[in-house]
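Trainee: Handing you a structure now.
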Amino acid sequence: MKVILVILSFFASISINAQIAEILKSVNDAGDVATFELDCSLAFQPLAKGLRYNITRHEFKGPEIKNSYRLLLVMDGFYSKTLNKEMTISAVLSNGTTIDARKIIEDDGFFDGACTLKIKDPQALAAENIDKVVVHADKDVVYQISEQNREIFKKNLSNVINAK
């Protein structure tokens, strides 16, 4: 029985580590902006069923400009017939705070399924859990985040923050 538990825990740790993404680094031609982001060349990282993400950090040379962090959310198969000109996407953290972004609806009236949230304090986000992501459209669509995906997200965020 103990052998089976050891084998199961080994495979569980392999599956979690397999989902941690590599970090890509690039520098612009002038050499004053470095970009660190998750390697999504094969697939975006899953956050919930139908919801994937990428994390990007722009590091600027010089003390006058702070680093910027962005969380790109991609919703698979999201469709809305809303007549509004914009919609709101919210990430709700475990402490109750929300990170909101307004997305402009395309000219044809449809949402393209991707939205970028600006992360003002990445260290605070790494310390908290994202409980859910809510898309406020013609009806609220709620994506619940599993515990395993929260841990993978926090590890990926930490890797982007600490990338050199």
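Chain lettering (A, B, ...) mirrors the order of the structure tokens, residue numbering begins at 1 for each chain separately, and ligand numbering begins at 1 in order of display.
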Write out as an NGL selection string all residues of stretch 40-134 of chain A that DSSP puts in strand (DSSP E or B) for this structure's backbone.
Mentor: :A and (45-48 or 51-60 or 68-75 or 86-93 or 98-104 or 114-119 or 130-134)
Trainee: Hey, could you make a per-residue contact list for stretch 22-99 of chain A against stretch 131-144 of chain A with 6 Å as the cut-off, showing the nearest pair of atoms and its distance in Å to one decimal, counting only C-alpha atoms, sorted by chain and number, as CSV?
Mentor:
residue,atom,partner,partner_atom,distance
A:Thr82,CA,A:Asp138,CA,5.1
A:Met87,CA,A:Ala137,CA,5.7
A:Thr88,CA,A:His136,CA,5.3
A:Ile89,CA,A:Val135,CA,4.5
A:Ser90,CA,A:Val134,CA,5.1
A:Ala91,CA,A:Val133,CA,4.4
A:Val92,CA,A:Lys132,CA,5.4
A:Leu93,CA,A:Asp131,CA,5.4
A:Ser94,CA,A:Asp131,CA,5.7
Trainee: Near A:Lys120, within 9 Å and counting only C-alpha atoms, which residues show up once chain neighbours fewer than 3 positions away are dropped, as a PyMOL selection string?
Mentor: chain A and resi 68-70+124-125
Trainee: So, with only C-alpha atoms as the atoms that count, which of A:Ala30, A:Ala114, A:Leu42, A:Leu47 lies closest to A:Ser146?
Mentor: A:Leu47
Trainee: Write down as a list in words the residues of stretch 19-158 of chain A whose backbone DSSP state falls under helix (DSSP H, G or I).
Mentor: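 Of stretch 19-158 of chain A, only Pro122, Gln123, Ala124, Leu125, Ala126, Ala127, Glu147, Gln148, Asn149, Arg150, Glu151, Ile152, Phe153, Lys154, Lys155, Asn156, Leu157 and Ser158 of chain A fall in helix (DSSP H, G or I).
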Trainee: Could you write out that same residue set with all heavy atoms as a short mmCIF file (atom, residue, chain, number, x, y, z; two decimals), in the first residue's frame?
Mentor:
data_model
loop_
_atom_site.label_atom_id
_atom_site.label_comp_id
_atom_site.auth_asym_id
_atom_site.auth_seq_id
_atom_site.Cartn_x
_atom_site.Cartn_y
_atom_site.Cartn_z
N PRO A 122 2.87 42.75 -8.45
CA PRO A 122 3.00 41.31 -8.70
C PRO A 122 3.35 40.50 -7.45
O PRO A 122 2.95 39.35 -7.33
CB PRO A 122 4.10 41.23 -9.75
CG PRO A 122 4.85 42.50 -9.62
CD PRO A 122 3.87 43.53 -9.16
N GLN A 123 4.08 41.10 -6.52
CA GLN A 123 4.42 40.38 -5.28
C GLN A 123 3.17 40.08 -4.46
O GLN A 123 3.03 39.00 -3.90
CB GLN A 123 5.42 41.19 -4.44
CG GLN A 123 6.75 41.45 -5.13
CD GLN A 123 7.56 40.18 -5.33
OE1 GLN A 123 7.27 39.13 -4.79
NE2 GLN A 123 8.61 40.28 -6.13
N ALA A 124 2.25 41.04 -4.42
CA ALA A 124 1.00 40.82 -3.68
C ALA A 124 0.15 39.77 -4.38
O ALA A 124 -0.49 38.95 -3.72
CB ALA A 124 0.23 42.14 -3.56
N LEU A 125 0.15 39.78 -5.70
CA LEU A 125 -0.61 38.78 -6.44
C LEU A 125 -0.02 37.39 -6.23
O LEU A 125 -0.75 36.41 -6.11
CB LEU A 125 -0.64 39.11 -7.94
CG LEU A 125 -1.42 38.15 -8.83
CD1 LEU A 125 -2.88 38.07 -8.40
CD2 LEU A 125 -1.33 38.57 -10.27
N ALA A 126 1.30 37.30 -6.15
CA ALA A 126 1.96 36.01 -5.90
C ALA A 126 1.64 35.50 -4.50
O ALA A 126 1.64 34.29 -4.27
CB ALA A 126 3.47 36.15 -6.09
N ALA A 127 1.36 36.40 -3.56
CA ALA A 127 1.04 35.99 -2.20
C ALA A 127 -0.42 35.56 -2.05
O ALA A 127 -0.76 34.82 -1.14
CB ALA A 127 1.33 37.13 -1.23
N GLU A 147 -7.37 24.47 -7.19
CA GLU A 147 -6.20 24.63 -6.31
C GLU A 147 -4.91 24.31 -7.05
O GLU A 147 -3.90 25.00 -6.90
CB GLU A 147 -6.36 23.74 -5.07
CG GLU A 147 -5.29 23.98 -4.02
CD GLU A 147 -5.32 25.39 -3.45
OE1 GLU A 147 -6.41 25.95 -3.25
OE2 GLU A 147 -4.23 25.94 -3.21
N GLN A 148 -4.91 23.26 -7.85
CA GLN A 148 -3.70 22.88 -8.60
C GLN A 148 -3.31 23.98 -9.59
O GLN A 148 -2.14 24.35 -9.67
CB GLN A 148 -3.93 21.57 -9.34
CG GLN A 148 -2.72 21.14 -10.16
CD GLN A 148 -2.96 19.87 -10.95
OE1 GLN A 148 -4.08 19.38 -11.03
NE2 GLN A 148 -1.91 19.35 -11.53
N ASN A 149 -4.28 24.54 -10.31
CA ASN A 149 -3.97 25.61 -11.27
C ASN A 149 -3.53 26.89 -10.56
O ASN A 149 -2.72 27.65 -11.10
CB ASN A 149 -5.16 25.87 -12.17
CG ASN A 149 -5.33 24.79 -13.22
OD1 ASN A 149 -4.43 23.99 -13.45
ND2 ASN A 149 -6.49 24.74 -13.84
N ARG A 150 -4.04 27.14 -9.34
CA ARG A 150 -3.57 28.30 -8.56
C ARG A 150 -2.09 28.16 -8.23
O ARG A 150 -1.32 29.11 -8.34
CB ARG A 150 -4.35 28.41 -7.25
CG ARG A 150 -5.72 28.93 -7.39
CD ARG A 150 -6.37 29.06 -6.03
NE ARG A 150 -7.80 29.12 -6.20
CZ ARG A 150 -8.68 28.70 -5.32
NH1 ARG A 150 -8.29 28.17 -4.19
NH2 ARG A 150 -9.96 28.81 -5.57
N GLU A 151 -1.70 26.97 -7.79
CA GLU A 151 -0.30 26.73 -7.44
C GLU A 151 0.61 26.87 -8.65
O GLU A 151 1.69 27.45 -8.56
CB GLU A 151 -0.14 25.35 -6.79
CG GLU A 151 -0.80 25.23 -5.43
CD GLU A 151 -0.28 26.26 -4.43
OE1 GLU A 151 0.94 26.49 -4.37
OE2 GLU A 151 -1.12 26.84 -3.70
N ILE A 152 0.19 26.33 -9.78
CA ILE A 152 0.99 26.44 -11.01
C ILE A 152 1.08 27.90 -11.44
O ILE A 152 2.14 28.38 -11.83
CB ILE A 152 0.39 25.56 -12.13
CG1 ILE A 152 0.52 24.09 -11.74
CG2 ILE A 152 1.06 25.83 -13.46
CD1 ILE A 152 -0.27 23.15 -12.63
N PHE A 153 -0.03 28.65 -11.35
CA PHE A 153 -0.03 30.06 -11.70
C PHE A 153 0.95 30.84 -10.81
O PHE A 153 1.74 31.65 -11.30
CB PHE A 153 -1.44 30.66 -11.56
CG PHE A 153 -1.48 32.14 -11.79
CD1 PHE A 153 -1.51 32.65 -13.07
CD2 PHE A 153 -1.47 33.03 -10.73
CE1 PHE A 153 -1.52 34.03 -13.29
CE2 PHE A 153 -1.49 34.40 -10.93
CZ PHE A 153 -1.52 34.90 -12.22
N LYS A 154 0.90 30.58 -9.51
CA LYS A 154 1.79 31.29 -8.58
C LYS A 154 3.26 30.97 -8.88
O LYS A 154 4.11 31.86 -8.82
CB LYS A 154 1.44 30.92 -7.14
CG LYS A 154 0.13 31.54 -6.67
CD LYS A 154 -0.32 31.01 -5.35
CE LYS A 154 0.34 31.74 -4.23
NZ LYS A 154 -0.27 31.43 -2.92
N LYS A 155 3.56 29.73 -9.21
CA LYS A 155 4.93 29.34 -9.55
C LYS A 155 5.38 30.02 -10.85
O LYS A 155 6.48 30.55 -10.93
CB LYS A 155 5.02 27.81 -9.68
CG LYS A 155 6.39 27.30 -10.00
CD LYS A 155 7.33 27.49 -8.85
CE LYS A 155 8.66 26.86 -9.18
NZ LYS A 155 9.74 27.34 -8.36
N ASN A 156 4.50 30.04 -11.85
CA ASN A 156 4.81 30.72 -13.11
C ASN A 156 5.01 32.21 -12.92
O ASN A 156 5.93 32.82 -13.47
CB ASN A 156 3.74 30.45 -14.16
CG ASN A 156 3.84 29.09 -14.77
OD1 ASN A 156 4.92 28.51 -14.87
ND2 ASN A 156 2.71 28.54 -15.19
N LEU A 157 4.15 32.84 -12.10
CA LEU A 157 4.29 34.27 -11.80
C LEU A 157 5.61 34.54 -11.09
O LEU A 157 6.33 35.47 -11.43
CB LEU A 157 3.10 34.77 -10.97
CG LEU A 157 3.15 36.24 -10.55
CD1 LEU A 157 3.19 37.16 -11.77
CD2 LEU A 157 1.96 36.57 -9.66
N SER A 158 5.93 33.71 -10.14
CA SER A 158 7.20 33.85 -9.41
C SER A 158 8.39 33.72 -10.35
O SER A 158 9.37 34.47 -10.25
CB SER A 158 7.28 32.81 -8.30
OG SER A 158 8.52 32.86 -7.66
#
Trainee: Using only C-alpha atoms, which protein or nucleic acid residues come within 9 Å of A:Gly50? Drop anything in the same chain fewer than 5 positions from it, and give the result as a ChimeraX atom specification.
Mentor: /A:74-78,143
Trainee: Excluding A:Ala163 and any residue of its chain fewer than 4 positions from it, enumerate the residues within 9 Å of it, using only C-alpha atoms, and give them as a list in words.
Mentor: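 Non-adjacent residues within range: Ile23, Lys25, Phe36, Ser158 and Asn159 of chain A.
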